[in-house]
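Everything below concerns the one structure shown next.
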Amino acid sequence: MKEYLNEVIDRKGTNSMKWDERFLQEQFGRGDLLPLWVADMDFKCPQAVIDAMMKRVEHGIFGYSFRDDSYYEAVINWYKKRHDWETHKEWIVFTPGVVPALNYLVQAFCSPKDKVIIQDPVYYPFRKAILDNGCKVVYNSLKMENGYYTMDFDDLKEKVKDPAVKFLILCSPHNPVGRVWTKEELIRLGEICIENNVIVVADEIHSDLILKGHKHIPFANISEEFAKNAIICTAPSKTFNLAGLQMSNMIIPNEKLRESFKKVLTRNHIELSNPFGIVALMAAYKEGEPWLEDVLDYLESNVDFIQGFVNEKMDQVKFIRPQGTYLGWLDFREITKNKKELDHILINKAKVALDGGYWFGKGGEGFARINFACPQKTLEKALNRIEKAIKE
Ligand SMILES: Cc1ncc(COP(=O)(O)O)c(C=O)c1O
């Protein structure tokens, strides 16, 4: 385990959404909580990124900035090296974040009252992006058996028949249940969507955060046919802890889909990037890999730590062991399925801030999501508090 990742860094007073008392107060009704919610890490990002940004800061002029060829090369080389996926500069479309991109995608491919499929329980901004843009959500809920989540293909086959359904948002790997989808699962989903003219928007923001024994398959790398029907959301933000820099790249091999999407971006004047984001992304993709390997080892040991703690000290709680992401899904249903009661235990008794399972949709009631991208000491403190609150 890499010692430098054990450092507990005070993030209070840094405008951190995760740690700032005002945000905690707004979301949980109190500010004095130990936060393991919002999906960013409590680790410092790679030193190469800090150095590149320092150099840029020292220049002292922060004018309008564009992305040159070396930016695109850094993205292309990363996906080739890490995922054996060949991409091209013209496929890559910059957006200032994946969530903004999802909103623009709804604007690009749907008319009011059109429908988009999501697989709940799932990252809640998916639902919001659809509803906020005047469209309807269709739920193809995941199935769970003995703590293992799978897709419901029979249900999907029915739902895609509706001509109002324009696209499906796939979360790969899946936040919050931590599944890294197998090639077979992705092929089944992709074929059903192609047969019914439903585009697949694959949010692969967590694709570099894969735990031992699992492999991420880039959806668009499965076949040319899949690539033509897909829009892949990528970013260095989860991988290298750069979420605040708002840098993401949509990879869209199909020219027609790409042009429709770009039209919406042009209409909203989404064009330039933050100069710090540009240098940070390039440094991360070019030099951040050893840091990522350290972080992956650390996350693995945190997963073991949670598993051990839950097995030993919390018999009524189940830990859905993630295959990817740094988000754990805790099943409290043996204690209570009532969301208010579980909120009360976690917020008022344990004084921890976890994402309520119900935020992710109906299937999340009785669950909570824990962000374990933090020093083990922080994790231990949170788990001790939860254990004590349950015992009380
Ligand atoms: C699946 C998924 N997509 C997108 C995001 C956020 O993306 P961005 O910060 O680029 O808007 C998150 C953050 O937690 C996420 O889990």
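A note on labels: chains of the structure tokens are A, B, ... as shown, every chain counts residues from 1, and ligands are counted from 1 in their shown order.
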| task | Collect all residues with atoms no farther than 8 Å from ligand 1, counting only C-alpha atoms and all ligand atoms, and output them as a count of residues only. | result | 30
| How would you write, as a ChimeraX atom specification, the set of residues in region 130-333 of chain A that DSSP gives as strand (DSSP E or B)? | /A:136-139,143-145,148-150,165-171,199-203,210,230-234,248-251,273,318-320,324,327-331
Just C-alpha atoms for this one: save the residues we selected as a PDB file, in the first residue's frame.
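The file below, again.pdb, is the result:
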ATOM      1  CA  LYS A 136     -39.621  11.187 -20.394  1.00  0.00           C
ATOM      2  CA  VAL A 137     -37.670   8.555 -18.510  1.00  0.00           C
ATOM      3  CA  VAL A 138     -38.174   4.871 -19.248  1.00  0.00           C
ATOM      4  CA  TYR A 139     -36.826   2.548 -16.562  1.00  0.00           C
ATOM      5  CA  LYS A 143     -32.203  -7.106 -11.399  1.00  0.00           C
ATOM      6  CA  MET A 144     -30.529  -8.150  -8.168  1.00  0.00           C
ATOM      7  CA  GLU A 145     -30.133 -11.680  -6.951  1.00  0.00           C
ATOM      8  CA  TYR A 148     -25.412  -9.493  -7.738  1.00  0.00           C
ATOM      9  CA  TYR A 149     -26.836  -7.049 -10.262  1.00  0.00           C
ATOM     10  CA  THR A 150     -27.612  -7.941 -13.871  1.00  0.00           C
ATOM     11  CA  VAL A 165     -37.401   5.995 -27.241  1.00  0.00           C
ATOM     12  CA  LYS A 166     -34.410   7.741 -28.838  1.00  0.00           C
ATOM     13  CA  PHE A 167     -31.517   6.550 -26.763  1.00  0.00           C
ATOM     14  CA  LEU A 168     -30.403   4.538 -23.764  1.00  0.00           C
ATOM     15  CA  ILE A 169     -27.856   5.737 -21.232  1.00  0.00           C
ATOM     16  CA  LEU A 170     -25.582   2.882 -20.246  1.00  0.00           C
ATOM     17  CA  CYS A 171     -23.472   3.385 -17.143  1.00  0.00           C
ATOM     18  CA  ILE A 199     -28.672   4.978 -29.833  1.00  0.00           C
ATOM     19  CA  VAL A 200     -26.460   3.850 -26.933  1.00  0.00           C
ATOM     20  CA  VAL A 201     -24.899   6.631 -24.906  1.00  0.00           C
ATOM     21  CA  ALA A 202     -22.258   4.814 -22.854  1.00  0.00           C
ATOM     22  CA  ASP A 203     -21.092   6.828 -19.865  1.00  0.00           C
ATOM     23  CA  ILE A 210     -11.395  -1.342 -12.566  1.00  0.00           C
ATOM     24  CA  ALA A 230     -22.718   4.775 -29.891  1.00  0.00           C
ATOM     25  CA  ILE A 231     -21.665   7.920 -28.109  1.00  0.00           C
ATOM     26  CA  ILE A 232     -19.032   7.316 -25.450  1.00  0.00           C
ATOM     27  CA  CYS A 233     -18.618   9.714 -22.545  1.00  0.00           C
ATOM     28  CA  THR A 234     -15.051   9.860 -21.236  1.00  0.00           C
ATOM     29  CA  SER A 248     -14.518  15.642 -20.693  1.00  0.00           C
ATOM     30  CA  ASN A 249     -14.448  14.173 -24.164  1.00  0.00           C
ATOM     31  CA  MET A 250     -17.334  12.576 -25.999  1.00  0.00           C
ATOM     32  CA  ILE A 251     -16.082   9.995 -28.460  1.00  0.00           C
ATOM     33  CA  SER A 273     -11.428  25.121 -22.541  1.00  0.00           C
ATOM     34  CA  LYS A 318     -24.335  -6.438   3.297  1.00  0.00           C
ATOM     35  CA  PHE A 319     -21.597  -4.967   1.141  1.00  0.00           C
ATOM     36  CA  ILE A 320     -22.136  -5.310  -2.595  1.00  0.00           C
ATOM     37  CA  GLY A 324     -15.080  -1.155 -10.586  1.00  0.00           C
ATOM     38  CA  LEU A 327     -18.166   3.607  -4.882  1.00  0.00           C
ATOM     39  CA  GLY A 328     -19.485   0.896  -2.600  1.00  0.00           C
ATOM     40  CA  TRP A 329     -23.139  -0.087  -2.293  1.00  0.00           C
ATOM     41  CA  LEU A 330     -24.210  -0.970   1.215  1.00  0.00           C
ATOM     42  CA  ASP A 331     -27.399  -2.918   1.792  1.00  0.00           C
TER      43      ASP A 331
END
| query | Excluding same-chain residues fewer than 4 positions from Glu380 (chain A), what lies within 10 Å of it counting only C-alpha atoms, as number ranges by chain? | reply | A: 302, 305-306, 309, 375-376, 384-386
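Among the candidates A:Ile76, A:Gln107, A:Asn229, A:Val8, the one nearest to Leu265 (chain A) when counting only C-alpha atoms is A:Gln107.
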Just asking: which residues within region 64-225 of chain A are helix (DSSP H, G or I) according to DSSP, as a PDB file with N, CA and C atoms, in the first residue's frame?
ATOM      1  N   ASP A  69      -3.346  19.808 -31.305  1.00  0.00           N
ATOM      2  CA  ASP A  69      -3.229  18.384 -31.648  1.00  0.00           C
ATOM      3  C   ASP A  69      -2.688  17.537 -30.503  1.00  0.00           C
ATOM      4  N   SER A  70      -1.766  18.121 -29.699  1.00  0.00           N
ATOM      5  CA  SER A  70      -1.160  17.298 -28.648  1.00  0.00           C
ATOM      6  C   SER A  70      -2.192  16.921 -27.573  1.00  0.00           C
ATOM      7  N   TYR A  71      -3.208  17.752 -27.412  1.00  0.00           N
ATOM      8  CA  TYR A  71      -4.304  17.410 -26.486  1.00  0.00           C
ATOM      9  C   TYR A  71      -4.989  16.128 -26.980  1.00  0.00           C
ATOM     10  N   TYR A  72      -5.359  16.131 -28.250  1.00  0.00           N
ATOM     11  CA  TYR A  72      -6.084  14.979 -28.795  1.00  0.00           C
ATOM     12  C   TYR A  72      -5.211  13.726 -28.799  1.00  0.00           C
ATOM     13  N   GLU A  73      -3.914  13.944 -29.093  1.00  0.00           N
ATOM     14  CA  GLU A  73      -2.975  12.813 -29.070  1.00  0.00           C
ATOM     15  C   GLU A  73      -2.938  12.158 -27.686  1.00  0.00           C
ATOM     16  N   ALA A  74      -2.942  13.002 -26.641  1.00  0.00           N
ATOM     17  CA  ALA A  74      -2.893  12.475 -25.272  1.00  0.00           C
ATOM     18  C   ALA A  74      -4.122  11.599 -25.001  1.00  0.00           C
ATOM     19  N   VAL A  75      -5.289  12.045 -25.456  1.00  0.00           N
ATOM     20  CA  VAL A  75      -6.521  11.264 -25.247  1.00  0.00           C
ATOM     21  C   VAL A  75      -6.443   9.951 -26.039  1.00  0.00           C
ATOM     22  N   ILE A  76      -6.074  10.073 -27.301  1.00  0.00           N
ATOM     23  CA  ILE A  76      -6.020   8.892 -28.195  1.00  0.00           C
ATOM     24  C   ILE A  76      -5.034   7.859 -27.637  1.00  0.00           C
ATOM     25  N   ASN A  77      -3.852   8.335 -27.231  1.00  0.00           N
ATOM     26  CA  ASN A  77      -2.829   7.393 -26.733  1.00  0.00           C
ATOM     27  C   ASN A  77      -3.271   6.695 -25.455  1.00  0.00           C
ATOM     28  N   TRP A  78      -3.979   7.424 -24.597  1.00  0.00           N
ATOM     29  CA  TRP A  78      -4.466   6.821 -23.352  1.00  0.00           C
ATOM     30  C   TRP A  78      -5.418   5.660 -23.648  1.00  0.00           C
ATOM     31  N   TYR A  79      -6.374   5.906 -24.520  1.00  0.00           N
ATOM     32  CA  TYR A  79      -7.371   4.849 -24.791  1.00  0.00           C
ATOM     33  C   TYR A  79      -6.759   3.662 -25.534  1.00  0.00           C
ATOM     34  N   LYS A  80      -5.739   3.953 -26.342  1.00  0.00           N
ATOM     35  CA  LYS A  80      -5.054   2.871 -27.049  1.00  0.00           C
ATOM     36  C   LYS A  80      -4.282   2.015 -26.022  1.00  0.00           C
ATOM     37  N   LYS A  81      -3.540   2.705 -25.162  1.00  0.00           N
ATOM     38  CA  LYS A  81      -2.672   1.998 -24.233  1.00  0.00           C
ATOM     39  C   LYS A  81      -3.465   1.272 -23.140  1.00  0.00           C
ATOM     40  N   ARG A  82      -4.414   1.954 -22.561  1.00  0.00           N
ATOM     41  CA  ARG A  82      -5.127   1.409 -21.390  1.00  0.00           C
ATOM     42  C   ARG A  82      -6.226   0.433 -21.781  1.00  0.00           C
ATOM     43  N   HIS A  83      -6.864   0.713 -22.946  1.00  0.00           N
ATOM     44  CA  HIS A  83      -8.059  -0.074 -23.294  1.00  0.00           C
ATOM     45  C   HIS A  83      -7.980  -0.728 -24.671  1.00  0.00           C
ATOM     46  N   LYS A  89      -8.847  11.681 -33.881  1.00  0.00           N
ATOM     47  CA  LYS A  89      -9.055  13.061 -33.443  1.00  0.00           C
ATOM     48  C   LYS A  89     -10.459  13.569 -33.797  1.00  0.00           C
ATOM     49  N   GLU A  90     -10.888  13.276 -35.035  1.00  0.00           N
ATOM     50  CA  GLU A  90     -12.180  13.844 -35.453  1.00  0.00           C
ATOM     51  C   GLU A  90     -13.359  13.233 -34.696  1.00  0.00           C
ATOM     52  N   TRP A  91     -13.159  12.105 -34.034  1.00  0.00           N
ATOM     53  CA  TRP A  91     -14.251  11.502 -33.243  1.00  0.00           C
ATOM     54  C   TRP A  91     -14.457  12.231 -31.907  1.00  0.00           C
ATOM     55  N   VAL A  98     -19.272  15.625 -18.170  1.00  0.00           N
ATOM     56  CA  VAL A  98     -20.141  14.594 -18.748  1.00  0.00           C
ATOM     57  C   VAL A  98     -21.616  14.934 -18.497  1.00  0.00           C
ATOM     58  N   VAL A  99     -21.920  15.450 -17.323  1.00  0.00           N
ATOM     59  CA  VAL A  99     -23.323  15.775 -17.043  1.00  0.00           C
ATOM     60  C   VAL A  99     -23.837  16.861 -18.005  1.00  0.00           C
ATOM     61  N   PRO A 100     -23.074  17.961 -18.213  1.00  0.00           N
ATOM     62  CA  PRO A 100     -23.530  18.892 -19.247  1.00  0.00           C
ATOM     63  C   PRO A 100     -23.709  18.200 -20.600  1.00  0.00           C
ATOM     64  N   ALA A 101     -22.787  17.297 -20.941  1.00  0.00           N
ATOM     65  CA  ALA A 101     -22.890  16.598 -22.235  1.00  0.00           C
ATOM     66  C   ALA A 101     -24.189  15.798 -22.331  1.00  0.00           C
ATOM     67  N   LEU A 102     -24.581  15.151 -21.221  1.00  0.00           N
ATOM     68  CA  LEU A 102     -25.810  14.354 -21.253  1.00  0.00           C
ATOM     69  C   LEU A 102     -27.020  15.259 -21.528  1.00  0.00           C
ATOM     70  N   ASN A 103     -26.992  16.438 -20.946  1.00  0.00           N
ATOM     71  CA  ASN A 103     -28.073  17.399 -21.202  1.00  0.00           C
ATOM     72  C   ASN A 103     -28.082  17.821 -22.672  1.00  0.00           C
ATOM     73  N   TYR A 104     -26.899  18.110 -23.224  1.00  0.00           N
ATOM     74  CA  TYR A 104     -26.822  18.491 -24.640  1.00  0.00           C
ATOM     75  C   TYR A 104     -27.243  17.334 -25.547  1.00  0.00           C
ATOM     76  N   LEU A 105     -26.958  16.109 -25.116  1.00  0.00           N
ATOM     77  CA  LEU A 105     -27.352  14.947 -25.930  1.00  0.00           C
ATOM     78  C   LEU A 105     -28.873  14.831 -26.013  1.00  0.00           C
ATOM     79  N   VAL A 106     -29.526  15.089 -24.887  1.00  0.00           N
ATOM     80  CA  VAL A 106     -30.999  15.046 -24.916  1.00  0.00           C
ATOM     81  C   VAL A 106     -31.495  16.135 -25.873  1.00  0.00           C
ATOM     82  N   GLN A 107     -30.875  17.306 -25.802  1.00  0.00           N
ATOM     83  CA  GLN A 107     -31.292  18.403 -26.693  1.00  0.00           C
ATOM     84  C   GLN A 107     -31.028  18.042 -28.164  1.00  0.00           C
ATOM     85  N   ALA A 108     -29.950  17.319 -28.414  1.00  0.00           N
ATOM     86  CA  ALA A 108     -29.580  17.003 -29.797  1.00  0.00           C
ATOM     87  C   ALA A 108     -30.444  15.902 -30.401  1.00  0.00           C
ATOM     88  N   PHE A 109     -30.816  14.903 -29.596  1.00  0.00           N
ATOM     89  CA  PHE A 109     -31.450  13.717 -30.188  1.00  0.00           C
ATOM     90  C   PHE A 109     -32.922  13.523 -29.834  1.00  0.00           C
ATOM     91  N   PRO A 125     -28.124  12.168 -11.933  1.00  0.00           N
ATOM     92  CA  PRO A 125     -28.214  13.194 -12.989  1.00  0.00           C
ATOM     93  C   PRO A 125     -28.680  12.670 -14.358  1.00  0.00           C
ATOM     94  N   PHE A 126     -28.660  11.355 -14.572  1.00  0.00           N
ATOM     95  CA  PHE A 126     -29.185  10.822 -15.839  1.00  0.00           C
ATOM     96  C   PHE A 126     -30.673  11.186 -15.948  1.00  0.00           C
ATOM     97  N   ARG A 127     -31.379  10.861 -14.875  1.00  0.00           N
ATOM     98  CA  ARG A 127     -32.826  11.095 -14.862  1.00  0.00           C
ATOM     99  C   ARG A 127     -33.121  12.593 -15.007  1.00  0.00           C
ATOM    100  N   LYS A 128     -32.333  13.381 -14.280  1.00  0.00           N
ATOM    101  CA  LYS A 128     -32.553  14.827 -14.252  1.00  0.00           C
ATOM    102  C   LYS A 128     -32.309  15.435 -15.645  1.00  0.00           C
ATOM    103  N   ALA A 129     -31.264  14.957 -16.333  1.00  0.00           N
ATOM    104  CA  ALA A 129     -30.950  15.502 -17.667  1.00  0.00           C
ATOM    105  C   ALA A 129     -32.125  15.263 -18.621  1.00  0.00           C
ATOM    106  N   ILE A 130     -32.764  14.114 -18.485  1.00  0.00           N
ATOM    107  CA  ILE A 130     -33.890  13.777 -19.370  1.00  0.00           C
ATOM    108  C   ILE A 130     -35.094  14.653 -19.027  1.00  0.00           C
ATOM    109  N   LEU A 131     -35.428  14.704 -17.741  1.00  0.00           N
ATOM    110  CA  LEU A 131     -36.619  15.460 -17.312  1.00  0.00           C
ATOM    111  C   LEU A 131     -36.439  16.962 -17.516  1.00  0.00           C
ATOM    112  N   ASP A 132     -35.257  17.474 -17.194  1.00  0.00           N
ATOM    113  CA  ASP A 132     -35.020  18.924 -17.312  1.00  0.00           C
ATOM    114  C   ASP A 132     -35.112  19.403 -18.750  1.00  0.00           C
ATOM    115  N   PHE A 153     -32.840  -8.085 -19.744  1.00  0.00           N
ATOM    116  CA  PHE A 153     -32.927  -7.986 -21.202  1.00  0.00           C
ATOM    117  C   PHE A 153     -34.350  -8.197 -21.723  1.00  0.00           C
ATOM    118  N   ASP A 154     -35.148  -9.034 -21.041  1.00  0.00           N
ATOM    119  CA  ASP A 154     -36.533  -9.246 -21.505  1.00  0.00           C
ATOM    120  C   ASP A 154     -37.312  -7.954 -21.407  1.00  0.00           C
ATOM    121  N   ASP A 155     -37.115  -7.256 -20.301  1.00  0.00           N
ATOM    122  CA  ASP A 155     -37.791  -5.971 -20.111  1.00  0.00           C
ATOM    123  C   ASP A 155     -37.286  -4.955 -21.153  1.00  0.00           C
ATOM    124  N   LEU A 156     -35.979  -4.974 -21.403  1.00  0.00           N
ATOM    125  CA  LEU A 156     -35.400  -4.021 -22.365  1.00  0.00           C
ATOM    126  C   LEU A 156     -35.989  -4.233 -23.757  1.00  0.00           C
ATOM    127  N   LYS A 157     -36.135  -5.521 -24.135  1.00  0.00           N
ATOM    128  CA  LYS A 157     -36.685  -5.838 -25.467  1.00  0.00           C
ATOM    129  C   LYS A 157     -38.065  -5.216 -25.656  1.00  0.00           C
ATOM    130  N   GLU A 158     -38.848  -5.177 -24.599  1.00  0.00           N
ATOM    131  CA  GLU A 158     -40.183  -4.564 -24.673  1.00  0.00           C
ATOM    132  C   GLU A 158     -40.082  -3.041 -24.738  1.00  0.00           C
ATOM    133  N   LYS A 159     -39.235  -2.484 -23.882  1.00  0.00           N
ATOM    134  CA  LYS A 159     -39.168  -1.019 -23.750  1.00  0.00           C
ATOM    135  C   LYS A 159     -38.628  -0.351 -25.024  1.00  0.00           C
ATOM    136  N   LYS A 183     -18.439  -8.508 -21.766  1.00  0.00           N
ATOM    137  CA  LYS A 183     -18.614  -8.323 -23.210  1.00  0.00           C
ATOM    138  C   LYS A 183     -19.965  -8.908 -23.654  1.00  0.00           C
ATOM    139  N   GLU A 184     -20.305 -10.070 -23.089  1.00  0.00           N
ATOM    140  CA  GLU A 184     -21.571 -10.734 -23.468  1.00  0.00           C
ATOM    141  C   GLU A 184     -22.762  -9.838 -23.125  1.00  0.00           C
ATOM    142  N   GLU A 185     -22.725  -9.250 -21.942  1.00  0.00           N
ATOM    143  CA  GLU A 185     -23.846  -8.374 -21.536  1.00  0.00           C
ATOM    144  C   GLU A 185     -23.928  -7.163 -22.471  1.00  0.00           C
ATOM    145  N   LEU A 186     -22.769  -6.585 -22.788  1.00  0.00           N
ATOM    146  CA  LEU A 186     -22.769  -5.394 -23.652  1.00  0.00           C
ATOM    147  C   LEU A 186     -23.251  -5.741 -25.054  1.00  0.00           C
ATOM    148  N   ILE A 187     -22.859  -6.933 -25.526  1.00  0.00           N
ATOM    149  CA  ILE A 187     -23.297  -7.339 -26.865  1.00  0.00           C
ATOM    150  C   ILE A 187     -24.819  -7.513 -26.898  1.00  0.00           C
ATOM    151  N   ARG A 188     -25.358  -8.149 -25.873  1.00  0.00           N
ATOM    152  CA  ARG A 188     -26.829  -8.341 -25.856  1.00  0.00           C
ATOM    153  C   ARG A 188     -27.549  -6.998 -25.861  1.00  0.00           C
ATOM    154  N   LEU A 189     -27.066  -6.081 -25.013  1.00  0.00           N
ATOM    155  CA  LEU A 189     -27.703  -4.762 -24.936  1.00  0.00           C
ATOM    156  C   LEU A 189     -27.572  -4.028 -26.271  1.00  0.00           C
ATOM    157  N   GLY A 190     -26.360  -4.050 -26.838  1.00  0.00           N
ATOM    158  CA  GLY A 190     -26.095  -3.330 -28.085  1.00  0.00           C
ATOM    159  C   GLY A 190     -26.944  -3.850 -29.229  1.00  0.00           C
ATOM    160  N   GLU A 191     -27.090  -5.177 -29.293  1.00  0.00           N
ATOM    161  CA  GLU A 191     -27.873  -5.748 -30.399  1.00  0.00           C
ATOM    162  C   GLU A 191     -29.349  -5.377 -30.285  1.00  0.00           C
ATOM    163  N   ILE A 192     -29.860  -5.424 -29.078  1.00  0.00           N
ATOM    164  CA  ILE A 192     -31.275  -5.057 -28.879  1.00  0.00           C
ATOM    165  C   ILE A 192     -31.483  -3.597 -29.314  1.00  0.00           C
ATOM    166  N   CYS A 193     -30.550  -2.735 -28.961  1.00  0.00           N
ATOM    167  CA  CYS A 193     -30.694  -1.308 -29.300  1.00  0.00           C
ATOM    168  C   CYS A 193     -30.570  -1.086 -30.805  1.00  0.00           C
ATOM    169  N   ILE A 194     -29.613  -1.741 -31.438  1.00  0.00           N
ATOM    170  CA  ILE A 194     -29.441  -1.569 -32.895  1.00  0.00           C
ATOM    171  C   ILE A 194     -30.702  -2.027 -33.631  1.00  0.00           C
ATOM    172  N   GLU A 195     -31.231  -3.201 -33.236  1.00  0.00           N
ATOM    173  CA  GLU A 195     -32.436  -3.725 -33.912  1.00  0.00           C
ATOM    174  C   GLU A 195     -33.602  -2.750 -33.834  1.00  0.00           C
ATOM    175  N   PHE A 219     -17.500   0.182 -25.085  1.00  0.00           N
ATOM    176  CA  PHE A 219     -18.673  -0.258 -25.844  1.00  0.00           C
ATOM    177  C   PHE A 219     -18.453  -0.128 -27.356  1.00  0.00           C
ATOM    178  N   ALA A 220     -17.830   0.994 -27.754  1.00  0.00           N
ATOM    179  CA  ALA A 220     -17.673   1.251 -29.191  1.00  0.00           C
ATOM    180  C   ALA A 220     -16.575   0.404 -29.817  1.00  0.00           C
ATOM    181  N   ASN A 221     -15.830  -0.329 -28.996  1.00  0.00           N
ATOM    182  CA  ASN A 221     -14.742  -1.152 -29.525  1.00  0.00           C
ATOM    183  C   ASN A 221     -15.190  -2.583 -29.794  1.00  0.00           C
ATOM    184  N   GLU A 224     -17.743  -2.507 -35.431  1.00  0.00           N
ATOM    185  CA  GLU A 224     -17.974  -1.256 -36.162  1.00  0.00           C
ATOM    186  C   GLU A 224     -19.444  -0.843 -36.081  1.00  0.00           C
ATOM    187  N   GLU A 225     -20.283  -1.868 -36.126  1.00  0.00           N
ATOM    188  CA  GLU A 225     -21.731  -1.605 -36.040  1.00  0.00           C
ATOM    189  C   GLU A 225     -22.073  -0.929 -34.701  1.00  0.00           C
TER     190      GLU A 225
END
| said: I'd like the neighbourhood of Ser301 (chain A) as a ChimeraX atom specification, where a residue qualifies if any of its atoms comes within 12 Å (using only C-alpha atoms), though same-chain residues fewer than 5 positions away should be ignored. | reply: /A:1-2,5-6,211-212,294-296,306-308,326,372-376,379
| From A:Cys45, A:Val93, A:Lys381, A:Asn196, residue lying nearest Glu255 (chain A) [only C-alpha atoms] | A:Val93
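In this structure, CA of Leu346 (chain A) sits 11.9 Å away from CA of Glu392 (chain A).
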| For Arg258 (chain A), which residue out of A:Ile92, A:Leu281, A:Val160, A:Ile9 is the nearest one, using only C-alpha atoms? |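 Smallest separation from Arg258 (chain A) among the options: A:Ile92.
Between CA of Gln47 (chain A) and CA of Asp84 (chain A) there is a distance of 25.7 Å.
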| field | Interatomic distance, CA of Arg56 (chain A) to CA of Arg11 (chain A) (Å, one decimal) | value | 23.1 Å
